[in-house]
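This is target.json. It holds JSON, C-alpha atoms.
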```
[["chain", "number", "residue", "atom", "x", "y", "z"],
["E", 1, "MET", "CA", 0.00, 0.00, 0.00],
["E", 2, "ARG", "CA", 1.29, 3.46, -0.87],
["E", 3, "THR", "CA", 2.49, 5.42, 2.15],
["E", 4, "PRO", "CA", 0.56, 8.70, 2.58],
["E", 5, "ALA", "CA", 2.64, 11.87, 2.37],
["E", 6, "ARG", "CA", 2.98, 14.16, 5.38],
["E", 7, "ASN", "CA", 3.81, 17.85, 5.35],
["E", 8, "ILE", "CA", 6.68, 18.75, 7.67],
["E", 9, "VAL", "CA", 7.26, 22.42, 8.45],
["E", 10, "SER", "CA", 9.96, 22.23, 11.13],
["E", 11, "ALA", "CA", 13.62, 21.84, 10.23],
["E", 12, "GLN", "CA", 13.99, 20.23, 13.66],
["E", 13, "ASN", "CA", 11.99, 17.13, 12.71],
["E", 14, "SER", "CA", 14.09, 14.05, 13.55],
["E", 15, "ARG", "CA", 14.04, 12.71, 9.99],
["E", 16, "VAL", "CA", 14.99, 16.10, 8.57],
["E", 17, "LYS", "CA", 17.86, 16.39, 11.05],
["E", 18, "ALA", "CA", 19.07, 12.89, 10.12],
["E", 19, "LEU", "CA", 19.01, 13.78, 6.41],
["E", 20, "ARG", "CA", 20.88, 17.04, 7.05],
["E", 21, "ARG", "CA", 23.57, 15.28, 9.08],
["E", 22, "ALA", "CA", 23.99, 12.43, 6.58],
["E", 23, "LEU", "CA", 24.39, 14.88, 3.67],
["E", 24, "SER", "CA", 26.53, 17.51, 5.36],
["E", 25, "GLN", "CA", 28.80, 15.11, 7.26],
["E", 26, "ALA", "CA", 28.98, 12.49, 4.47],
["E", 27, "GLU", "CA", 28.35, 9.71, 6.94],
["E", 28, "LEU", "CA", 25.89, 7.04, 7.90],
["E", 29, "VAL", "CA", 23.30, 8.02, 10.49],
["E", 30, "GLU", "CA", 22.12, 4.96, 12.39],
["E", 31, "GLY", "CA", 22.94, 2.81, 9.37],
["E", 32, "LEU", "CA", 21.21, 5.13, 6.89],
["E", 33, "CYS", "CA", 22.81, 6.94, 3.96],
["E", 34, "ALA", "CA", 21.40, 9.97, 2.23],
["E", 35, "VAL", "CA", 20.77, 10.24, -1.51],
["E", 36, "ASP", "CA", 19.68, 13.42, -3.22],
["E", 37, "SER", "CA", 18.24, 12.75, -6.64],
["E", 38, "GLU", "CA", 15.37, 10.78, -8.15],
["E", 39, "ARG", "CA", 17.78, 8.60, -10.11],
["E", 40, "LEU", "CA", 19.69, 7.54, -7.00],
["E", 41, "VAL", "CA", 16.52, 6.89, -5.03],
["E", 42, "ARG", "CA", 15.39, 4.59, -7.83],
["E", 43, "GLU", "CA", 18.83, 2.94, -8.01],
["E", 44, "ALA", "CA", 18.84, 2.29, -4.27],
["E", 45, "ALA", "CA", 15.36, 0.80, -4.27],
["E", 46, "GLY", "CA", 16.09, -1.22, -7.41],
["E", 47, "SER", "CA", 19.22, -2.59, -5.73],
["E", 48, "GLY", "CA", 17.08, -4.02, -2.94],
["E", 49, "LEU", "CA", 17.86, -1.43, -0.26],
["E", 50, "ALA", "CA", 15.14, -0.39, 2.18],
["E", 51, "VAL", "CA", 14.03, 3.21, 1.70],
["E", 52, "GLU", "CA", 13.23, 4.56, 5.15],
["E", 53, "ALA", "CA", 12.05, 8.02, 4.11],
["E", 54, "VAL", "CA", 11.59, 9.98, 0.89],
["E", 55, "PHE", "CA", 11.66, 13.78, 1.03],
["E", 56, "PHE", "CA", 10.09, 16.09, -1.54],
["E", 57, "SER", "CA", 10.29, 19.85, -1.78],
["E", 58, "GLU", "CA", 6.79, 21.32, -1.76],
["E", 59, "SER", "CA", 7.02, 22.76, -5.28],
["E", 60, "ARG", "CA", 8.19, 19.45, -6.78],
["E", 61, "PHE", "CA", 5.82, 17.00, -5.11],
["E", 62, "GLU", "CA", 2.97, 16.95, -7.63],
["E", 63, "GLN", "CA", 5.38, 16.65, -10.56],
["E", 64, "ALA", "CA", 7.60, 13.98, -8.95],
["E", 65, "LYS", "CA", 5.21, 11.93, -6.85],
["E", 66, "SER", "CA", 5.01, 9.24, -9.56],
["E", 67, "LEU", "CA", 8.28, 8.02, -8.03],
["E", 68, "LEU", "CA", 6.18, 6.53, -5.24],
["E", 69, "GLN", "CA", 4.53, 4.12, -7.67],
["E", 70, "ASP", "CA", 7.89, 2.37, -8.04],
["E", 71, "VAL", "CA", 9.59, 3.03, -4.71],
["E", 72, "GLU", "CA", 8.12, 1.82, -1.43],
["E", 73, "ALA", "CA", 9.11, 3.98, 1.52],
["E", 74, "GLU", "CA", 8.25, 3.83, 5.21],
["E", 75, "GLU", "CA", 7.71, 7.59, 5.30],
["E", 76, "VAL", "CA", 7.00, 10.24, 2.67],
["E", 77, "LEU", "CA", 7.67, 13.80, 3.81],
["E", 78, "ILE", "CA", 6.96, 17.09, 2.01],
["E", 79, "LEU", "CA", 9.15, 20.00, 3.06],
["E", 80, "PRO", "CA", 8.89, 23.72, 2.37],
["E", 81, "ASP", "CA", 11.25, 24.69, -0.45],
["E", 82, "ALA", "CA", 13.29, 26.90, 1.88],
["E", 83, "VAL", "CA", 13.88, 24.01, 4.28],
["E", 84, "PHE", "CA", 14.72, 21.56, 1.50],
["E", 85, "LYS", "CA", 17.33, 23.92, 0.04],
["E", 86, "THR", "CA", 19.14, 24.02, 3.39],
["E", 87, "LEU", "CA", 19.58, 20.25, 3.25],
["E", 88, "VAL", "CA", 20.89, 19.60, -0.26],
["E", 89, "SER", "CA", 24.24, 20.99, -1.38],
["E", 90, "THR", "CA", 23.78, 20.77, -5.17],
["E", 91, "ASP", "CA", 23.46, 24.01, -7.12],
["E", 92, "ALA", "CA", 20.22, 22.87, -8.74],
["E", 93, "PRO", "CA", 18.47, 20.46, -6.33],
["E", 94, "GLN", "CA", 15.86, 18.21, -7.90],
["E", 95, "GLY", "CA", 13.56, 18.45, -4.91],
["E", 96, "ILE", "CA", 13.89, 14.75, -4.07],
["E", 97, "ALA", "CA", 16.05, 13.06, -1.44],
["E", 98, "ALA", "CA", 15.87, 9.95, 0.70],
["E", 99, "LEU", "CA", 17.29, 8.12, 3.68],
["E", 100, "VAL", "CA", 18.20, 4.59, 2.65],
["E", 101, "ARG", "CA", 19.40, 1.60, 4.67],
["E", 102, "ALA", "CA", 23.05, 1.15, 3.68],
["E", 103, "PRO", "CA", 24.16, -2.25, 2.33],
["E", 104, "GLN", "CA", 26.15, -4.54, 4.58],
["E", 105, "TRP", "CA", 28.78, -6.96, 3.31],
["E", 106, "ASP", "CA", 30.51, -10.05, 4.64],
["E", 107, "GLU", "CA", 34.13, -8.91, 4.26],
["E", 108, "ASP", "CA", 35.58, -12.39, 4.66],
["E", 109, "ALA", "CA", 33.25, -13.91, 2.06],
["E", 110, "VAL", "CA", 34.01, -11.13, -0.42],
["E", 111, "LEU", "CA", 37.79, -11.46, -0.07],
["E", 112, "ARG", "CA", 37.76, -15.26, -0.08],
["E", 113, "GLU", "CA", 36.88, -15.47, -3.79],
["E", 114, "GLN", "CA", 39.39, -17.77, -5.51],
["E", 115, "ARG", "CA", 40.00, -15.46, -8.47],
["E", 116, "GLY", "CA", 39.24, -12.29, -6.60],
["E", 117, "LEU", "CA", 39.84, -8.86, -8.07],
["E", 118, "VAL", "CA", 39.75, -5.82, -5.81],
["E", 119, "MET", "CA", 40.63, -2.18, -6.33],
["E", 120, "MET", "CA", 42.33, -0.44, -3.44],
["E", 121, "SER", "CA", 41.90, 3.31, -2.99],
["E", 122, "ALA", "CA", 44.93, 4.76, -1.19],
["E", 123, "GLY", "CA", 43.96, 8.23, -0.09],
["E", 124, "ILE", "CA", 41.69, 9.15, -3.00],
["E", 125, "GLN", "CA", 40.27, 12.49, -1.90],
["E", 126, "ASP", "CA", 38.08, 13.53, -4.81],
["E", 127, "PRO", "CA", 34.58, 12.05, -4.40],
["E", 128, "GLY", "CA", 34.10, 12.01, -8.17],
["E", 129, "ASN", "CA", 37.18, 9.82, -8.55],
["E", 130, "LEU", "CA", 36.07, 7.38, -5.88],
["E", 131, "GLY", "CA", 32.59, 7.17, -7.36],
["E", 132, "THR", "CA", 34.08, 6.53, -10.80],
["E", 133, "ILE", "CA", 36.28, 3.77, -9.38],
["E", 134, "VAL", "CA", 33.32, 2.06, -7.72],
["E", 135, "ARG", "CA", 31.25, 2.33, -10.91],
["E", 136, "SER", "CA", 34.06, 0.92, -13.07],
["E", 137, "ALA", "CA", 34.77, -1.83, -10.54],
["E", 138, "GLU", "CA", 31.19, -3.06, -10.84],
["E", 139, "ALA", "CA", 31.21, -2.69, -14.64],
["E", 140, "PHE", "CA", 34.39, -4.76, -15.03],
["E", 141, "GLY", "CA", 33.60, -7.53, -12.58],
["E", 142, "ALA", "CA", 35.65, -6.62, -9.50],
["E", 143, "ASN", "CA", 34.63, -8.24, -6.23],
["E", 144, "ALA", "CA", 35.09, -5.12, -4.14],
["E", 145, "VAL", "CA", 36.71, -1.75, -3.64],
["E", 146, "ILE", "CA", 38.85, -1.36, -0.53],
["E", 147, "ALA", "CA", 38.99, 2.16, 0.93],
["E", 148, "LEU", "CA", 42.28, 2.75, 2.74],
["E", 149, "ALA", "CA", 43.10, 5.54, 5.18],
["E", 150, "GLY", "CA", 42.67, 9.03, 3.79],
["E", 151, "THR", "CA", 40.07, 8.00, 1.22],
["E", 152, "VAL", "CA", 37.00, 10.21, 0.92],
["E", 153, "SER", "CA", 33.78, 8.81, 2.38],
["E", 154, "LEU", "CA", 31.70, 6.54, 0.18],
["E", 155, "TRP", "CA", 28.66, 8.30, 1.65],
["E", 156, "ASN", "CA", 29.67, 11.70, 0.33],
["E", 157, "PRO", "CA", 26.74, 12.74, -1.91],
["E", 158, "LYS", "CA", 29.13, 13.46, -4.79],
["E", 159, "THR", "CA", 30.68, 9.99, -4.44],
["E", 160, "LEU", "CA", 27.27, 8.35, -4.57],
["E", 161, "ARG", "CA", 26.24, 10.38, -7.61],
["E", 162, "ALA", "CA", 29.47, 9.53, -9.45],
["E", 163, "SER", "CA", 29.00, 5.84, -8.67],
["E", 164, "ALA", "CA", 25.60, 5.98, -10.47],
["E", 165, "GLY", "CA", 24.18, 3.36, -8.10],
["E", 166, "SER", "CA", 27.15, 0.97, -8.08],
["E", 167, "ALA", "CA", 27.84, 1.91, -4.45],
["E", 168, "PHE", "CA", 24.56, 0.17, -3.56],
["E", 169, "ARG", "CA", 25.54, -3.11, -5.22],
["E", 170, "LEU", "CA", 29.32, -3.49, -5.06],
["E", 171, "PRO", "CA", 31.00, -4.13, -1.70],
["E", 172, "VAL", "CA", 33.12, -1.18, -0.59],
["E", 173, "ILE", "CA", 35.19, -2.29, 2.38],
["E", 174, "GLU", "CA", 36.84, 0.19, 4.71],
["E", 175, "MET", "CA", 40.27, -1.00, 5.85],
["E", 176, "ARG", "CA", 41.57, 2.27, 7.28],
["E", 177, "GLY", "CA", 44.08, 0.84, 9.73],
["E", 178, "ASP", "CA", 47.84, 0.50, 9.37],
["E", 179, "PHE", "CA", 48.76, -0.28, 5.76],
["E", 180, "PRO", "CA", 51.28, -3.09, 6.50],
["E", 181, "GLU", "CA", 48.58, -4.83, 8.54],
["E", 182, "THR", "CA", 46.12, -4.49, 5.65],
["E", 183, "VAL", "CA", 48.71, -5.89, 3.24],
["E", 184, "GLU", "CA", 49.28, -8.85, 5.54],
["E", 185, "GLN", "CA", 45.55, -9.56, 5.70],
["E", 186, "LEU", "CA", 45.27, -9.52, 1.92],
["E", 187, "LYS", "CA", 48.34, -11.69, 1.39],
["E", 188, "GLN", "CA", 47.02, -14.21, 3.88],
["E", 189, "ARG", "CA", 43.94, -14.41, 1.66],
["E", 190, "GLY", "CA", 46.13, -15.09, -1.38],
["E", 191, "PHE", "CA", 46.17, -11.68, -3.05],
["E", 192, "THR", "CA", 49.05, -10.33, -5.12],
["E", 193, "LEU", "CA", 49.32, -6.56, -4.65],
["E", 194, "LEU", "CA", 50.06, -4.44, -7.72],
["E", 195, "ALA", "CA", 50.40, -0.65, -7.56],
["E", 196, "ALA", "CA", 49.53, 1.52, -10.54],
["E", 197, "ASP", "CA", 52.32, 3.85, -11.64],
["E", 198, "SER", "CA", 52.81, 6.13, -14.64],
["E", 199, "HIS", "CA", 56.53, 5.49, -15.00],
["E", 200, "ARG", "CA", 57.54, 2.12, -13.57],
["E", 201, "GLY", "CA", 56.46, -1.48, -13.76],
["E", 202, "ALA", "CA", 55.50, -3.78, -16.60],
["E", 203, "LEU", "CA", 52.83, -2.70, -19.06],
["E", 204, "ALA", "CA", 49.37, -3.69, -17.87],
["E", 205, "VAL", "CA", 48.73, -5.75, -21.02],
["E", 206, "SER", "CA", 51.78, -7.92, -20.26],
["E", 207, "VAL", "CA", 50.93, -8.57, -16.60],
["E", 208, "ASP", "CA", 48.85, -11.60, -15.61],
["E", 209, "LEU", "CA", 45.73, -10.04, -14.12],
["E", 210, "LYS", "CA", 43.80, -13.32, -14.06],
["E", 211, "ARG", "CA", 45.36, -14.16, -10.71],
["E", 212, "LYS", "CA", 43.91, -13.12, -7.38],
["E", 213, "ILE", "CA", 44.85, -9.46, -7.60],
["E", 214, "ALA", "CA", 44.55, -6.30, -5.53],
["E", 215, "LEU", "CA", 45.19, -3.19, -7.64],
["E", 216, "LEU", "CA", 46.36, -0.14, -5.71],
["E", 217, "ILE", "CA", 45.58, 3.40, -6.89],
["E", 218, "GLY", "CA", 47.31, 6.22, -5.03],
["E", 219, "ASN", "CA", 46.33, 9.72, -4.02],
["E", 220, "GLU", "CA", 45.59, 12.19, -6.83],
["E", 221, "GLY", "CA", 48.57, 14.40, -6.05],
["E", 222, "ALA", "CA", 51.11, 12.23, -4.27],
["E", 223, "GLY", "CA", 50.40, 8.87, -5.88],
["E", 224, "VAL", "CA", 51.44, 5.73, -3.99],
["E", 225, "SER", "CA", 53.52, 6.63, -0.95],
["E", 226, "LYS", "CA", 56.98, 5.13, -0.40],
["E", 227, "LYS", "CA", 55.63, 3.29, 2.64],
["E", 228, "MET", "CA", 53.05, 1.59, 0.44],
["E", 229, "ALA", "CA", 55.44, 1.09, -2.47],
["E", 230, "ASP", "CA", 57.77, -0.87, -0.20],
["E", 231, "LYS", "CA", 54.97, -3.31, 0.66],
["E", 232, "VAL", "CA", 53.43, -4.10, -2.74],
["E", 233, "ASP", "CA", 54.55, -7.06, -4.85],
["E", 234, "ASP", "CA", 55.11, -5.07, -8.01],
["E", 235, "PHE", "CA", 54.07, -2.11, -10.14],
["E", 236, "VAL", "CA", 51.92, -2.02, -13.24],
["E", 237, "ARG", "CA", 52.08, 0.72, -15.84],
["E", 238, "ILE", "CA", 49.50, 2.17, -18.20],
["E", 239, "PRO", "CA", 51.29, 3.48, -21.29],
["E", 240, "HIS", "CA", 50.52, 7.02, -22.41],
["E", 241, "LEU", "CA", 52.20, 9.90, -24.18],
["E", 242, "GLN", "CA", 54.81, 11.52, -21.97],
["E", 243, "THR", "CA", 53.46, 14.99, -22.67],
["E", 244, "VAL", "CA", 51.00, 14.06, -19.92],
["E", 245, "GLU", "CA", 52.62, 13.58, -16.52],
["E", 246, "SER", "CA", 50.03, 11.15, -15.16],
["E", 247, "LEU", "CA", 46.44, 10.02, -15.56],
["E", 248, "ASN", "CA", 43.46, 10.99, -13.46],
["E", 249, "ALA", "CA", 43.05, 8.44, -10.64],
["E", 250, "GLY", "CA", 39.55, 7.42, -11.68],
["E", 251, "ILE", "CA", 40.60, 6.96, -15.31],
["E", 252, "ALA", "CA", 43.74, 5.00, -14.37],
["E", 253, "ALA", "CA", 41.73, 2.67, -12.15],
["E", 254, "SER", "CA", 39.13, 2.18, -14.89],
["E", 255, "LEU", "CA", 41.77, 1.28, -17.48],
["E", 256, "LEU", "CA", 43.36, -1.29, -15.19],
["E", 257, "LEU", "CA", 40.00, -2.78, -14.32],
["E", 258, "TYR", "CA", 39.13, -3.03, -18.01],
["E", 259, "GLU", "CA", 42.42, -4.80, -18.75],
["E", 260, "ALA", "CA", 41.76, -7.28, -15.93],
["E", 261, "TYR", "CA", 38.26, -7.84, -17.31],
["E", 262, "ARG", "CA", 39.57, -8.29, -20.86],
["E", 263, "GLN", "CA", 42.12, -10.90, -19.77],
["E", 264, "ARG", "CA", 39.66, -12.81, -17.61],
["E", 265, "ARG", "CA", 36.89, -12.86, -20.20],
["E", 266, "TYR", "CA", 38.70, -13.04, -23.53],
["E", 267, "SER", "CA", 42.07, -14.69, -23.00]]
```

As structure tokens, how would this structure be written, given the file I've shared?
Amino acid sequence: MRTPARNIVSAQNSRVKALRRALSQAELVEGLCAVDSERLVREAAGSGLAVEAVFFSESRFEQAKSLLQDVEAEEVLILPDAVFKTLVSTDAPQGIAALVRAPQWDEDAVLREQRGLVMMSAGIQDPGNLGTIVRSAEAFGANAVIALAGTVSLWNPKTLRASAGSAFRLPVIEMRGDFPETVEQLKQRGFTLLAADSHRGALAVSVDLKRKIALLIGNEGAGVSKKMADKVDDFVRIPHLQTVESLNAGIAASLLLYEAYRQRRYS
């Protein structure tokens, strides 16, 4: 049965406060993440996640309420436009947002895959890059993305938008502790660690990526730190014209993931 909509005037309503905190702090609030567009609300619901509350701005409700024919929510709240604009950080808000129960993953089961492929984000700070990495990881058959220390939050609204829904379906595992300890955990599970680099290592097309592999992408500015470089098994290089110093982190990760996919599917 369709949940009836309620008009909420106060910005101090508990659901409104939870949405504001989840969006502004880029964090889960009692296991809920915030999404701020119709497309992402549909992606979350279509991915099997429970939609706890859908929020509409008053001026958009009549035009956008058809969303409720496809998305079942526990609560439907209509907010004054002025209140809604204080919640959503985009320049042109669509007038739709939601609180969604975040997915939970069995880390051990994910990393136990015999021919596992994971992408490791080492201090990626741009949410668009992380979202792109998660989206490409799903597209090219990776088992998971591992977010290391210094990596932007998956629950940043810009990360979720850039992931185009992949963040709801692909395990993203936070391993933000000491890097050597993380490496040891992965090696105990049989992973070979390869770090992407613009200038050293074998060409990606000549490296066996059909093995159980963890691909490491470094920070946008600093790349892979020396501490991390000393712990990986090897480097892998994406060839490009030397007029360009290095590739964007999201693009580099996507190219490596595609090469792993190509080898696993076609060779």

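Using all atoms listed in the file, the shortest contact distance between Arg265 of chain E and any of E:Phe235, E:Leu40, E:Leu209, E:Leu23 is found at E:Leu209.
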
Here's a test: counting all atoms listed in the file, identify every protein, DNA and RNA residue with an atom at most 7 Å from (36.9, 11.6, -0.9) in the file's coordinate frame, and state them as a ChimeraX atom specification. /E:124-127,130,151-153

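Interatomic distance, atom CA of Arg262 of chain E against atom CA of Gly165 of chain E: 23.1 Å.
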
Fewer than 6 positions away in the same chain doesn't count, so skip those; otherwise give me all residues within 6 Å of segment 76-78 of chain E, counting all atoms listed in the file, as a PDB file with C-alpha atoms, in the coordinates of the input.
```
ATOM      1  CA  ALA E   5       2.640  11.870   2.370  1.00  0.00           C
ATOM      2  CA  ARG E   6       2.980  14.160   5.380  1.00  0.00           C
ATOM      3  CA  ASN E   7       3.810  17.850   5.350  1.00  0.00           C
ATOM      4  CA  ILE E   8       6.680  18.750   7.670  1.00  0.00           C
ATOM      5  CA  ALA E  53      12.050   8.020   4.110  1.00  0.00           C
ATOM      6  CA  VAL E  54      11.590   9.980   0.890  1.00  0.00           C
ATOM      7  CA  PHE E  55      11.660  13.780   1.030  1.00  0.00           C
ATOM      8  CA  PHE E  56      10.090  16.090  -1.540  1.00  0.00           C
ATOM      9  CA  SER E  57      10.290  19.850  -1.780  1.00  0.00           C
ATOM     10  CA  GLU E  58       6.790  21.320  -1.760  1.00  0.00           C
TER      11      GLU E  58
END
```

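Distance check against Leu87 of chain E using only C-alpha atoms: of E:Asp36, E:Asp106, E:Glu174, E:Glu113, the minimum falls on E:Asp36.
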
Shell of 10 Å around Val83 of chain E, all atoms listed in the file, local chain residues under 2 positions omitted, as an MDAnalysis selection string: chainID E and resid 8:11 16 57:58 79:81 85:88

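Atom CA of Gly131 of chain E to atom CA of Asp230 of chain E spans 27.4 Å [interatomic distance, one decimal].
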
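Checking E:Ala164, E:Leu203, E:Ala214, E:Leu170 one by one against Ala122 of chain E, counting all atoms listed in the file, you find the shortest gap at E:Ala214.
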
At most 6 Å from (38.8, 0.6, -1.8), file frame, all atoms listed in the file: which residues, as a PyMOL selection string? chain E and resi 119-121+145-147

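The neighbours of Ala249 of chain E here are the residues that come within 9 Å of it, using only C-alpha atoms and leaving out any residue fewer than 6 positions away in the same chain; they are Ile124, Asn129, Leu130, Ile133, Ile217, Gly218, Asn219, Glu220 and Gly223 of chain E.
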
Okay, now the selection with C-alpha atoms, as a JSON list (two decimals), in the coordinates of the input?
```json
[["chain", "number", "residue", "atom", "x", "y", "z"],
["E", 124, "ILE", "CA", 41.69, 9.15, -3.00],
["E", 129, "ASN", "CA", 37.18, 9.82, -8.55],
["E", 130, "LEU", "CA", 36.07, 7.38, -5.88],
["E", 133, "ILE", "CA", 36.28, 3.77, -9.38],
["E", 217, "ILE", "CA", 45.58, 3.40, -6.89],
["E", 218, "GLY", "CA", 47.31, 6.22, -5.03],
["E", 219, "ASN", "CA", 46.33, 9.72, -4.02],
["E", 220, "GLU", "CA", 45.59, 12.19, -6.83],
["E", 223, "GLY", "CA", 50.40, 8.87, -5.88]]
```
